[in-house]
file model30.cif (mmCIF, C-alpha atoms)
data_upload
#
loop_
_atom_site.group_PDB
_atom_site.id
_atom_site.type_symbol
_atom_site.label_atom_id
_atom_site.label_comp_id
_atom_site.auth_asym_id
_atom_site.auth_seq_id
_atom_site.Cartn_x
_atom_site.Cartn_y
_atom_site.Cartn_z
ATOM 1 C CA MET A 13 -55.754 -11.033 16.968
ATOM 2 C CA ALA A 14 -52.716 -9.371 15.454
ATOM 3 C CA LYS A 15 -49.370 -10.821 16.442
ATOM 4 C CA TYR A 16 -47.916 -7.362 17.080
ATOM 5 C CA GLU A 17 -49.686 -4.644 19.033
ATOM 6 C CA TYR A 18 -48.862 -1.093 18.032
ATOM 7 C CA THR A 19 -49.071 1.931 20.308
ATOM 8 C CA ILE A 20 -48.948 4.817 17.831
ATOM 9 C CA GLY A 21 -52.191 6.784 18.067
ATOM 10 C CA GLN A 22 -53.249 4.898 21.198
ATOM 11 C CA GLU A 23 -53.803 6.245 24.708
ATOM 12 C CA MET A 24 -51.283 4.326 26.810
ATOM 13 C CA ASP A 25 -50.298 4.111 30.457
ATOM 14 C CA LEU A 26 -46.746 5.228 29.765
ATOM 15 C CA ARG A 27 -45.302 4.186 33.111
ATOM 16 C CA LYS A 28 -46.856 0.741 32.810
ATOM 17 C CA GLU A 29 -45.371 0.390 29.334
ATOM 18 C CA GLN A 30 -42.001 1.544 30.656
ATOM 19 C CA ALA A 31 -42.104 -1.220 33.285
ATOM 20 C CA LYS A 32 -43.058 -3.740 30.603
ATOM 21 C CA THR A 33 -40.066 -2.720 28.492
ATOM 22 C CA LEU A 34 -37.609 -2.895 31.377
ATOM 23 C CA ALA A 35 -38.911 -6.331 32.373
ATOM 24 C CA THR A 36 -38.183 -7.638 28.870
ATOM 25 C CA PRO A 37 -34.661 -8.179 27.484
ATOM 26 C CA SER A 38 -33.551 -6.374 24.356
ATOM 27 C CA LEU A 39 -33.379 -8.335 21.132
ATOM 28 C CA PRO A 40 -29.899 -9.780 20.574
ATOM 29 C CA ALA A 41 -27.725 -7.492 18.455
ATOM 30 C CA ASN A 42 -25.456 -8.796 15.700
ATOM 31 C CA PHE A 43 -21.730 -8.107 15.612
ATOM 32 C CA ILE A 44 -22.130 -4.930 13.544
ATOM 33 C CA LEU A 45 -24.631 -3.409 15.968
ATOM 34 C CA ARG A 46 -22.571 -4.390 18.994
ATOM 35 C CA MET A 47 -19.577 -2.590 17.506
ATOM 36 C CA ILE A 48 -21.731 0.472 16.769
ATOM 37 C CA PHE A 49 -22.963 0.546 20.372
ATOM 38 C CA VAL A 50 -19.408 0.205 21.696
ATOM 39 C CA VAL A 51 -18.117 3.028 19.494
ATOM 40 C CA PHE A 52 -21.118 5.145 20.446
ATOM 41 C CA ASP A 53 -20.392 4.724 24.159
ATOM 42 C CA LEU A 54 -16.689 5.423 23.640
ATOM 43 C CA VAL A 55 -17.388 8.676 21.783
ATOM 44 C CA TYR A 56 -20.403 9.936 23.752
ATOM 45 C CA GLY A 57 -19.968 8.153 27.082
ATOM 46 C CA LYS A 58 -22.122 5.457 28.648
ATOM 47 C CA GLU A 59 -24.368 7.974 30.399
ATOM 48 C CA ARG A 60 -27.783 8.363 28.771
ATOM 49 C CA THR A 61 -28.188 12.057 27.898
ATOM 50 C CA LEU A 62 -30.393 14.090 25.576
ATOM 51 C CA PRO A 63 -27.448 15.245 23.389
ATOM 52 C CA LYS A 64 -26.312 11.633 22.959
ATOM 53 C CA PHE A 65 -29.804 10.574 21.902
ATOM 54 C CA ILE A 66 -29.929 13.319 19.278
ATOM 55 C CA VAL A 67 -27.121 11.507 17.461
ATOM 56 C CA LEU A 68 -28.899 8.182 17.980
ATOM 57 C CA GLU A 69 -31.945 9.611 16.199
ATOM 58 C CA MET A 70 -29.784 10.803 13.311
ATOM 59 C CA LEU A 71 -28.664 7.221 12.730
ATOM 60 C CA ALA A 72 -32.126 5.728 13.221
ATOM 61 C CA ARG A 73 -33.538 7.254 10.032
ATOM 62 C CA TYR A 74 -31.218 5.560 7.561
ATOM 63 C CA PRO A 75 -32.559 1.977 7.457
ATOM 64 C CA TYR A 76 -35.999 3.381 6.616
ATOM 65 C CA TRP A 77 -34.496 5.496 3.870
ATOM 66 C CA ALA A 78 -32.801 2.350 2.524
ATOM 67 C CA TRP A 79 -36.154 0.517 2.465
ATOM 68 C CA GLU A 80 -37.908 3.357 0.662
ATOM 69 C CA ASN A 81 -35.081 3.948 -1.792
ATOM 70 C CA GLY A 82 -34.585 0.224 -2.428
ATOM 71 C CA ALA A 83 -38.291 -0.300 -3.065
ATOM 72 C CA TYR A 84 -38.372 2.627 -5.530
ATOM 73 C CA LYS A 85 -35.447 1.134 -7.434
ATOM 74 C CA ALA A 86 -37.085 -2.298 -7.468
ATOM 75 C CA LEU A 87 -40.321 -0.734 -8.727
ATOM 76 C CA SER A 88 -38.454 1.001 -11.539
ATOM 77 C CA ARG A 89 -36.689 -2.232 -12.553
ATOM 78 C CA LEU A 90 -39.954 -4.157 -12.435
ATOM 79 C CA TYR A 91 -41.798 -1.854 -14.777
ATOM 80 C CA ALA A 92 -38.811 -1.402 -17.055
ATOM 81 C CA VAL A 93 -38.742 -5.095 -17.969
ATOM 82 C CA CYS A 94 -42.188 -6.644 -17.442
ATOM 83 C CA ASP A 95 -44.856 -6.781 -20.127
ATOM 84 C CA LYS A 96 -47.791 -6.267 -17.772
ATOM 85 C CA PRO A 97 -48.311 -4.909 -14.246
ATOM 86 C CA CYS A 98 -47.588 -7.244 -11.326
ATOM 87 C CA PRO A 99 -50.100 -6.081 -8.686
ATOM 88 C CA GLN A 100 -48.947 -8.340 -5.859
ATOM 89 C CA VAL A 101 -45.299 -7.358 -6.158
ATOM 90 C CA THR A 102 -46.216 -3.725 -6.757
ATOM 91 C CA ASP A 103 -48.412 -3.591 -3.657
ATOM 92 C CA GLU A 104 -45.611 -5.040 -1.522
ATOM 93 C CA LEU A 105 -43.112 -2.482 -2.824
ATOM 94 C CA LEU A 106 -45.557 0.388 -2.289
ATOM 95 C CA HIS A 107 -46.142 -0.867 1.262
ATOM 96 C CA LEU A 108 -42.394 -0.853 1.881
ATOM 97 C CA ILE A 109 -42.146 2.697 0.516
ATOM 98 C CA ASP A 110 -44.911 3.847 2.869
ATOM 99 C CA LEU A 111 -43.330 2.030 5.824
ATOM 100 C CA GLY A 112 -39.966 3.616 5.081
ATOM 101 C CA ARG A 113 -41.470 7.092 4.820
ATOM 102 C CA GLU A 114 -43.437 6.729 8.046
ATOM 103 C CA GLY A 115 -40.382 5.442 9.898
ATOM 104 C CA GLN A 116 -38.202 8.291 8.652
ATOM 105 C CA ASP A 117 -40.798 10.898 9.550
ATOM 106 C CA ASN A 118 -41.276 9.531 13.057
ATOM 107 C CA GLU A 119 -37.535 9.407 13.743
ATOM 108 C CA GLN A 120 -37.236 12.919 12.335
ATOM 109 C CA TRP A 121 -39.792 14.230 14.849
ATOM 110 C CA HIS A 122 -37.816 12.541 17.630
ATOM 111 C CA LEU A 123 -34.699 14.335 16.444
ATOM 112 C CA LEU A 124 -36.394 17.728 16.221
ATOM 113 C CA LEU A 125 -38.143 17.335 19.577
ATOM 114 C CA LEU A 126 -34.936 16.413 21.388
ATOM 115 C CA ALA A 127 -32.953 19.152 19.666
ATOM 116 C CA ASP A 128 -35.550 21.763 20.634
ATOM 117 C CA ILE A 129 -35.589 20.603 24.264
ATOM 118 C CA VAL A 130 -31.785 20.658 24.425
ATOM 119 C CA HIS A 131 -31.893 24.228 23.070
ATOM 120 C CA GLN A 132 -34.540 25.245 25.630
ATOM 121 C CA LYS A 133 -32.393 23.840 28.425
ATOM 122 C CA GLY A 134 -29.401 25.842 27.212
ATOM 123 C CA ILE A 135 -27.266 22.732 26.688
ATOM 124 C CA LYS A 136 -24.347 23.503 24.424
ATOM 125 C CA LEU A 137 -23.488 20.957 21.742
ATOM 126 C CA SER A 138 -19.864 20.674 20.710
ATOM 127 C CA TRP A 139 -18.838 21.020 17.083
ATOM 128 C CA PHE A 140 -16.723 17.873 17.314
ATOM 129 C CA HIS A 141 -19.297 15.555 18.929
ATOM 130 C CA HIS A 142 -22.453 16.889 17.281
ATOM 131 C CA TYR A 143 -21.303 18.069 13.866
ATOM 132 C CA LEU A 144 -18.103 16.354 12.730
ATOM 133 C CA ILE A 145 -18.457 12.891 14.303
ATOM 134 C CA PRO A 146 -22.160 12.490 13.377
ATOM 135 C CA ARG A 147 -21.394 13.240 9.732
ATOM 136 C CA ILE A 148 -18.723 10.569 9.656
ATOM 137 C CA LEU A 149 -21.064 8.088 11.343
ATOM 138 C CA LEU A 150 -23.978 8.969 9.080
ATOM 139 C CA ILE A 151 -22.016 8.491 5.863
ATOM 140 C CA LYS A 152 -20.861 5.058 6.981
ATOM 141 C CA TYR A 153 -24.209 3.967 8.412
ATOM 142 C CA ASN A 154 -26.079 5.177 5.337
ATOM 143 C CA LEU A 155 -23.861 3.093 3.054
ATOM 144 C CA LEU A 156 -24.097 0.130 5.404
ATOM 145 C CA ALA A 157 -27.916 0.307 5.608
ATOM 146 C CA LYS A 158 -28.244 0.413 1.812
ATOM 147 C CA LEU A 159 -25.733 -2.398 1.316
ATOM 148 C CA ILE A 160 -27.407 -4.732 3.811
ATOM 149 C CA PHE A 161 -30.853 -4.120 2.326
ATOM 150 C CA TRP A 162 -29.503 -4.692 -1.190
ATOM 151 C CA ILE A 163 -27.832 -7.972 -0.198
ATOM 152 C CA ASN A 164 -30.773 -9.335 1.792
ATOM 153 C CA PRO A 165 -33.810 -7.344 3.010
ATOM 154 C CA CYS A 166 -34.332 -9.874 5.809
ATOM 155 C CA TRP A 167 -30.944 -8.948 7.270
ATOM 156 C CA SER A 168 -31.993 -5.294 7.185
ATOM 157 C CA PHE A 169 -35.295 -5.948 8.975
ATOM 158 C CA ALA A 170 -33.638 -8.141 11.613
ATOM 159 C CA MET A 171 -30.857 -5.647 12.251
ATOM 160 C CA ASN A 172 -33.273 -2.723 12.474
ATOM 161 C CA ALA A 173 -35.497 -4.634 14.901
ATOM 162 C CA ALA A 174 -32.497 -5.145 17.198
ATOM 163 C CA PHE A 175 -31.453 -1.484 16.835
ATOM 164 C CA GLU A 176 -34.954 -0.274 17.719
ATOM 165 C CA SER A 177 -35.229 -2.724 20.629
ATOM 166 C CA HIS A 178 -31.986 -1.272 21.990
ATOM 167 C CA ALA A 179 -33.330 2.266 21.501
ATOM 168 C CA GLU A 180 -36.610 1.419 23.266
ATOM 169 C CA HIS A 181 -34.748 0.153 26.323
ATOM 170 C CA GLN A 182 -32.355 3.097 26.332
ATOM 171 C CA TYR A 183 -35.197 5.626 26.318
ATOM 172 C CA MET A 184 -37.030 3.852 29.119
ATOM 173 C CA LEU A 185 -33.839 3.635 31.168
ATOM 174 C CA MET A 186 -33.177 7.342 30.618
ATOM 175 C CA ALA A 187 -36.680 8.165 31.896
ATOM 176 C CA LYS A 188 -36.085 5.950 34.942
ATOM 177 C CA GLU A 189 -32.731 7.607 35.678
ATOM 178 C CA ASN A 190 -34.244 11.099 35.597
ATOM 179 C CA PRO A 191 -37.294 11.020 37.920
ATOM 180 C CA ALA A 192 -37.279 14.830 38.131
ATOM 181 C CA TRP A 193 -38.411 14.897 34.495
ATOM 182 C CA ASP A 194 -41.805 13.597 35.660
ATOM 183 C CA GLN A 195 -42.349 16.978 37.318
ATOM 184 C CA GLU A 196 -40.925 19.006 34.424
ATOM 185 C CA PRO A 197 -43.568 20.404 32.021
ATOM 186 C CA VAL A 198 -42.614 20.148 28.381
ATOM 187 C CA ASP A 199 -43.681 22.237 25.408
ATOM 188 C CA THR A 200 -42.354 22.585 21.902
ATOM 189 C CA ALA A 201 -43.568 23.847 18.534
ATOM 190 C CA TYR A 202 -43.171 20.301 17.196
ATOM 191 C CA PHE A 203 -46.167 19.115 19.201
ATOM 192 C CA GLN A 204 -48.205 20.275 16.217
ATOM 193 C CA TYR A 205 -46.771 17.191 14.471
ATOM 194 C CA TYR A 206 -46.330 14.827 17.414
ATOM 195 C CA PRO A 207 -48.627 13.691 20.264
ATOM 196 C CA ARG A 208 -48.459 16.314 23.009
ATOM 197 C CA GLN A 209 -47.098 15.066 26.332
ATOM 198 C CA ARG A 210 -47.492 16.665 29.738
ATOM 199 C CA THR A 211 -43.968 16.147 31.105
ATOM 200 C CA LEU A 212 -40.507 15.527 29.745
ATOM 201 C CA GLY A 213 -40.546 12.095 31.384
ATOM 202 C CA ASP A 214 -43.703 11.142 29.486
ATOM 203 C CA LEU A 215 -42.257 12.430 26.215
ATOM 204 C CA ILE A 216 -39.184 10.245 26.624
ATOM 205 C CA ARG A 217 -41.405 7.229 27.379
ATOM 206 C CA ARG A 218 -43.605 7.983 24.359
ATOM 207 C CA ILE A 219 -40.550 8.096 22.105
ATOM 208 C CA GLY A 220 -39.469 4.781 23.609
ATOM 209 C CA LEU A 221 -42.834 3.284 22.644
ATOM 210 C CA ASP A 222 -42.388 4.562 19.093
ATOM 211 C CA GLU A 223 -39.133 2.613 18.962
ATOM 212 C CA ARG A 224 -41.024 -0.486 20.112
ATOM 213 C CA ASP A 225 -43.483 0.025 17.273
ATOM 214 C CA HIS A 226 -40.593 0.342 14.813
ATOM 215 C CA MET A 227 -39.137 -2.882 16.187
ATOM 216 C CA ASN A 228 -42.468 -4.644 15.688
ATOM 217 C CA HIS A 229 -42.838 -3.305 12.142
ATOM 218 C CA SER A 230 -39.384 -4.679 11.363
ATOM 219 C CA LEU A 231 -40.215 -8.065 12.907
ATOM 220 C CA GLU A 232 -43.485 -8.170 11.002
ATOM 221 C CA GLU A 233 -41.699 -7.554 7.684
ATOM 222 C CA LEU A 234 -39.135 -10.190 8.593
ATOM 223 C CA GLY A 235 -41.897 -12.669 9.404
ATOM 224 C CA LYS A 236 -43.505 -12.176 5.981
ATOM 225 C CA ARG A 237 -40.293 -13.323 4.334
ATOM 226 C CA ALA A 238 -39.330 -16.128 6.709
#

call {"tool": "encode", "arguments": {"input": "model30.cif", "output": "structure tokens"}}
result
Amino acid sequence: MAKYEYTIGQEMDLRKEQAKTLATPSLPANFILRMIFVVFDLVYGKERTLPKFIVLEMLARYPYWAWENGAYKALSRLYAVCDKPCPQVTDELLHLIDLGREGQDNEQWHLLLLADIVHQKGIKLSWFHHYLIPRILLIKYNLLAKLIFWINPCWSFAMNAAFESHAEHQYMLMAKENPAWDQEPVDTAYFQYYPRQRTLGDLIRRIGLDERDHMNHSLEELGKRA
């Protein structure tokens, strides 16, 4: 039996999974992540809102980009200097490229789904909080994600697992805090790319489960190198 159970592509009892998440503590965050969470709450408030989570999803893509980009660079270095192919190393790098792409794509759909729902609800996003500040955060987090992966991939996997564990809990808490969303039908053009959900509450829970899967992928990669 696999150590980690993944929910992507599976029919799940979303409310049961929400209860499971909330009954389990988040993974401990390192100092860097704790500071990011503090700054995030200072800038966007402690309340869990859809506009706040849009920015969260912007940040979430960058570790996966670092994995994909780092693996491409390693692949180029490998074949620039070796005399013959190294299948085992090559397969591992190609796996990391695929994992990075899949993670980026999934986080991208989260971002587009939330942005579309915010637009449908007529929620106005401020230029300062949702254009200027995110760009500052993204530049710094992008550089940080690449640097950590370059120094030690294990640090990157561990840090991303804690980030995604935090995100999973935040999504499930947001669904719990907004019970009216369980009666609110949801529809968006992006359901052609993402599993269709009946209500906004279920969509938020499904996104939370995606974050759990990302956490488990990160832990699995970390375990391979332990």

call {"tool": "resolve_selection", "arguments": {"input": "model30.cif", "expression": "the PyMOL selection byres ((chain A and resi 115) around 10)", "output": "MDAnalysis selection string"}}
result
chainID A and resid 72:77 79:80 109:114 116:120 222:223 225:226 229

call {"tool": "write_last_selection", "arguments": {"input": "model30.cif", "atoms": "C-alpha atoms", "output": "compact mmCIF listing (two decimals), in the frame of the given file"}}
result
# COMPACT_ATOMS: atom_id res chain seq x y z
CA ALA A 72 -32.13 5.73 13.22
CA ARG A 73 -33.54 7.25 10.03
CA TYR A 74 -31.22 5.56 7.56
CA PRO A 75 -32.56 1.98 7.46
CA TYR A 76 -36.00 3.38 6.62
CA TRP A 77 -34.50 5.50 3.87
CA TRP A 79 -36.15 0.52 2.46
CA GLU A 80 -37.91 3.36 0.66
CA ILE A 109 -42.15 2.70 0.52
CA ASP A 110 -44.91 3.85 2.87
CA LEU A 111 -43.33 2.03 5.82
CA GLY A 112 -39.97 3.62 5.08
CA ARG A 113 -41.47 7.09 4.82
CA GLU A 114 -43.44 6.73 8.05
CA GLN A 116 -38.20 8.29 8.65
CA ASP A 117 -40.80 10.90 9.55
CA ASN A 118 -41.28 9.53 13.06
CA GLU A 119 -37.53 9.41 13.74
CA GLN A 120 -37.24 12.92 12.34
CA ASP A 222 -42.39 4.56 19.09
CA GLU A 223 -39.13 2.61 18.96
CA ASP A 225 -43.48 0.02 17.27
CA HIS A 226 -40.59 0.34 14.81
CA HIS A 229 -42.84 -3.30 12.14

call {"tool": "closest_residue", "arguments": {"input": "model30.cif", "among": "A:Tyr153, A:Phe203, A:Trp193, A:Phe43", "to": "Ile216 (chain A)", "atoms": "all atoms listed in the file"}}
result
A:Trp193

call {"tool": "atom_distance", "arguments": {"input": "model30.cif", "atom1": "CA of Phe65 (chain A)", "atom2": "CA of Leu185 (chain A)"}}
result
12.3 Å

call {"tool": "closest_residue", "arguments": {"input": "model30.cif", "among": "A:Ile66, A:Phe49, A:Glu17, A:Glu232", "to": "His142 (chain A)", "atoms": "all atoms listed in the file"}}
result
A:Ile66

call {"tool": "residues_around", "arguments": {"input": "model30.cif", "residues": "Ala170 (chain A)", "least_positions_apart": "6", "cutoff": "10 Å", "atoms": "all atoms listed in the file", "output": "list in words"}}
result
Leu39, Pro40, Ala41, Asn42, Met227, Ser230, Leu231, Glu232, Glu233, Leu234 and Gly235 of chain A

call {"tool": "resolve_selection", "arguments": {"input": "model30.cif", "expression": "the PyMOL selection byres ((chain A and resi 82-85) around 12)", "output": "PyMOL selection string"}}
result
chain A and resi 74-81+86-92+101-113+157-165+168

call {"tool": "decode", "arguments": {"input": "model30.cif", "residues": "region 91-196 of chain A", "atoms": "C-alpha atoms", "output": "PDB file, in the first residue's frame"}}
result
ATOM      1  CA  TYR A  91      24.422  15.911 -20.908  1.00  0.00           C
ATOM      2  CA  ALA A  92      26.968  18.646 -21.503  1.00  0.00           C
ATOM      3  CA  VAL A  93      29.670  16.778 -19.583  1.00  0.00           C
ATOM      4  CA  CYS A  94      28.904  13.040 -19.539  1.00  0.00           C
ATOM      5  CA  ASP A  95      30.135  10.620 -22.180  1.00  0.00           C
ATOM      6  CA  LYS A  96      27.033   8.430 -22.162  1.00  0.00           C
ATOM      7  CA  PRO A  97      23.405   8.771 -21.035  1.00  0.00           C
ATOM      8  CA  CYS A  98      22.644   8.256 -17.340  1.00  0.00           C
ATOM      9  CA  PRO A  99      19.120   6.770 -17.412  1.00  0.00           C
ATOM     10  CA  GLN A 100      18.538   6.661 -13.661  1.00  0.00           C
ATOM     11  CA  VAL A 101      19.499  10.284 -13.102  1.00  0.00           C
ATOM     12  CA  THR A 102      17.707  11.358 -16.269  1.00  0.00           C
ATOM     13  CA  ASP A 103      14.486   9.623 -15.239  1.00  0.00           C
ATOM     14  CA  GLU A 104      14.572  11.326 -11.834  1.00  0.00           C
ATOM     15  CA  LEU A 105      15.071  14.754 -13.410  1.00  0.00           C
ATOM     16  CA  LEU A 106      12.285  14.154 -15.936  1.00  0.00           C
ATOM     17  CA  HIS A 107      10.011  13.092 -13.068  1.00  0.00           C
ATOM     18  CA  LEU A 108      10.814  16.324 -11.239  1.00  0.00           C
ATOM     19  CA  ILE A 109      10.058  18.334 -14.389  1.00  0.00           C
ATOM     20  CA  ASP A 110       6.676  16.617 -14.732  1.00  0.00           C
ATOM     21  CA  LEU A 111       5.906  17.105 -11.030  1.00  0.00           C
ATOM     22  CA  GLY A 112       6.790  20.786 -11.267  1.00  0.00           C
ATOM     23  CA  ARG A 113       4.619  21.286 -14.342  1.00  0.00           C
ATOM     24  CA  GLU A 114       1.644  19.492 -12.810  1.00  0.00           C
ATOM     25  CA  GLY A 115       1.950  21.489  -9.594  1.00  0.00           C
ATOM     26  CA  GLN A 116       2.142  24.796 -11.453  1.00  0.00           C
ATOM     27  CA  ASP A 117      -0.836  23.940 -13.631  1.00  0.00           C
ATOM     28  CA  ASN A 118      -2.980  22.911 -10.674  1.00  0.00           C
ATOM     29  CA  GLU A 119      -2.158  26.067  -8.714  1.00  0.00           C
ATOM     30  CA  GLN A 120      -2.842  28.101 -11.845  1.00  0.00           C
ATOM     31  CA  TRP A 121      -6.363  26.650 -12.114  1.00  0.00           C
ATOM     32  CA  HIS A 122      -6.931  27.538  -8.456  1.00  0.00           C
ATOM     33  CA  LEU A 123      -5.901  31.104  -9.208  1.00  0.00           C
ATOM     34  CA  LEU A 124      -8.123  31.398 -12.277  1.00  0.00           C
ATOM     35  CA  LEU A 125     -11.107  29.780 -10.559  1.00  0.00           C
ATOM     36  CA  LEU A 126     -10.912  32.094  -7.555  1.00  0.00           C
ATOM     37  CA  ALA A 127     -10.362  35.163  -9.718  1.00  0.00           C
ATOM     38  CA  ASP A 128     -13.396  34.310 -11.855  1.00  0.00           C
ATOM     39  CA  ILE A 129     -15.595  33.767  -8.789  1.00  0.00           C
ATOM     40  CA  VAL A 130     -14.441  37.056  -7.257  1.00  0.00           C
ATOM     41  CA  HIS A 131     -15.337  38.773 -10.550  1.00  0.00           C
ATOM     42  CA  GLN A 132     -18.768  37.094 -10.628  1.00  0.00           C
ATOM     43  CA  LYS A 133     -19.439  38.276  -7.086  1.00  0.00           C
ATOM     44  CA  GLY A 134     -18.543  41.841  -8.043  1.00  0.00           C
ATOM     45  CA  ILE A 135     -15.744  42.051  -5.468  1.00  0.00           C
ATOM     46  CA  LYS A 136     -13.403  44.894  -6.296  1.00  0.00           C
ATOM     47  CA  LEU A 137      -9.676  44.250  -5.960  1.00  0.00           C
ATOM     48  CA  SER A 138      -7.482  47.182  -5.028  1.00  0.00           C
ATOM     49  CA  TRP A 139      -4.513  48.151  -7.165  1.00  0.00           C
ATOM     50  CA  PHE A 140      -2.284  48.343  -4.095  1.00  0.00           C
ATOM     51  CA  HIS A 141      -3.179  44.983  -2.510  1.00  0.00           C
ATOM     52  CA  HIS A 142      -3.702  42.929  -5.666  1.00  0.00           C
ATOM     53  CA  TYR A 143      -1.299  44.439  -8.180  1.00  0.00           C
ATOM     54  CA  LEU A 144       1.594  46.266  -6.518  1.00  0.00           C
ATOM     55  CA  ILE A 145       2.106  44.215  -3.337  1.00  0.00           C
ATOM     56  CA  PRO A 146       1.763  40.814  -5.083  1.00  0.00           C
ATOM     57  CA  ARG A 147       4.442  41.768  -7.602  1.00  0.00           C
ATOM     58  CA  ILE A 148       6.844  42.675  -4.831  1.00  0.00           C
ATOM     59  CA  LEU A 149       6.061  39.432  -3.002  1.00  0.00           C
ATOM     60  CA  LEU A 150       6.338  37.336  -6.151  1.00  0.00           C
ATOM     61  CA  ILE A 151       9.752  38.691  -7.115  1.00  0.00           C
ATOM     62  CA  LYS A 152      11.119  37.936  -3.661  1.00  0.00           C
ATOM     63  CA  TYR A 153       9.444  34.542  -3.313  1.00  0.00           C
ATOM     64  CA  ASN A 154      10.532  33.490  -6.796  1.00  0.00           C
ATOM     65  CA  LEU A 155      14.170  34.257  -5.992  1.00  0.00           C
ATOM     66  CA  LEU A 156      13.855  32.584  -2.608  1.00  0.00           C
ATOM     67  CA  ALA A 157      12.291  29.410  -4.069  1.00  0.00           C
ATOM     68  CA  LYS A 158      15.054  29.091  -6.675  1.00  0.00           C
ATOM     69  CA  LEU A 159      17.801  29.779  -4.139  1.00  0.00           C
ATOM     70  CA  ILE A 160      16.544  27.202  -1.637  1.00  0.00           C
ATOM     71  CA  PHE A 161      16.181  24.531  -4.318  1.00  0.00           C
ATOM     72  CA  TRP A 162      19.666  25.306  -5.645  1.00  0.00           C
ATOM     73  CA  ILE A 163      21.224  25.069  -2.174  1.00  0.00           C
ATOM     74  CA  ASN A 164      19.404  21.896  -1.133  1.00  0.00           C
ATOM     75  CA  PRO A 165      16.356  20.352  -2.865  1.00  0.00           C
ATOM     76  CA  CYS A 166      15.364  18.668   0.405  1.00  0.00           C
ATOM     77  CA  TRP A 167      14.906  22.083   2.018  1.00  0.00           C
ATOM     78  CA  SER A 168      12.661  23.068  -0.888  1.00  0.00           C
ATOM     79  CA  PHE A 169      10.493  19.946  -0.588  1.00  0.00           C
ATOM     80  CA  ALA A 170      10.195  20.298   3.193  1.00  0.00           C
ATOM     81  CA  MET A 171       9.326  23.982   3.000  1.00  0.00           C
ATOM     82  CA  ASN A 172       6.763  23.427   0.251  1.00  0.00           C
ATOM     83  CA  ALA A 173       5.143  20.596   2.213  1.00  0.00           C
ATOM     84  CA  ALA A 174       4.672  22.957   5.169  1.00  0.00           C
ATOM     85  CA  PHE A 175       3.357  25.731   2.889  1.00  0.00           C
ATOM     86  CA  GLU A 176       0.825  23.379   1.289  1.00  0.00           C
ATOM     87  CA  SER A 177      -0.210  21.951   4.671  1.00  0.00           C
ATOM     88  CA  HIS A 178      -0.922  25.510   5.812  1.00  0.00           C
ATOM     89  CA  ALA A 179      -2.895  26.173   2.613  1.00  0.00           C
ATOM     90  CA  GLU A 180      -4.933  22.970   3.036  1.00  0.00           C
ATOM     91  CA  HIS A 181      -5.979  23.986   6.541  1.00  0.00           C
ATOM     92  CA  GLN A 182      -6.735  27.555   5.497  1.00  0.00           C
ATOM     93  CA  TYR A 183      -9.052  26.425   2.699  1.00  0.00           C
ATOM     94  CA  MET A 184     -10.899  24.009   4.958  1.00  0.00           C
ATOM     95  CA  LEU A 185     -11.269  26.679   7.634  1.00  0.00           C
ATOM     96  CA  MET A 186     -12.595  29.145   5.056  1.00  0.00           C
ATOM     97  CA  ALA A 187     -15.226  26.601   3.964  1.00  0.00           C
ATOM     98  CA  LYS A 188     -16.192  26.043   7.610  1.00  0.00           C
ATOM     99  CA  GLU A 189     -16.493  29.787   8.261  1.00  0.00           C
ATOM    100  CA  ASN A 190     -18.815  30.291   5.286  1.00  0.00           C
ATOM    101  CA  PRO A 191     -21.616  27.696   5.637  1.00  0.00           C
ATOM    102  CA  ALA A 192     -23.807  29.680   3.224  1.00  0.00           C
ATOM    103  CA  TRP A 193     -21.423  28.656   0.436  1.00  0.00           C
ATOM    104  CA  ASP A 194     -22.796  25.108   0.737  1.00  0.00           C
ATOM    105  CA  GLN A 195     -26.069  26.427  -0.686  1.00  0.00           C
ATOM    106  CA  GLU A 196     -24.425  28.621  -3.331  1.00  0.00           C
TER     107      GLU A 196
END
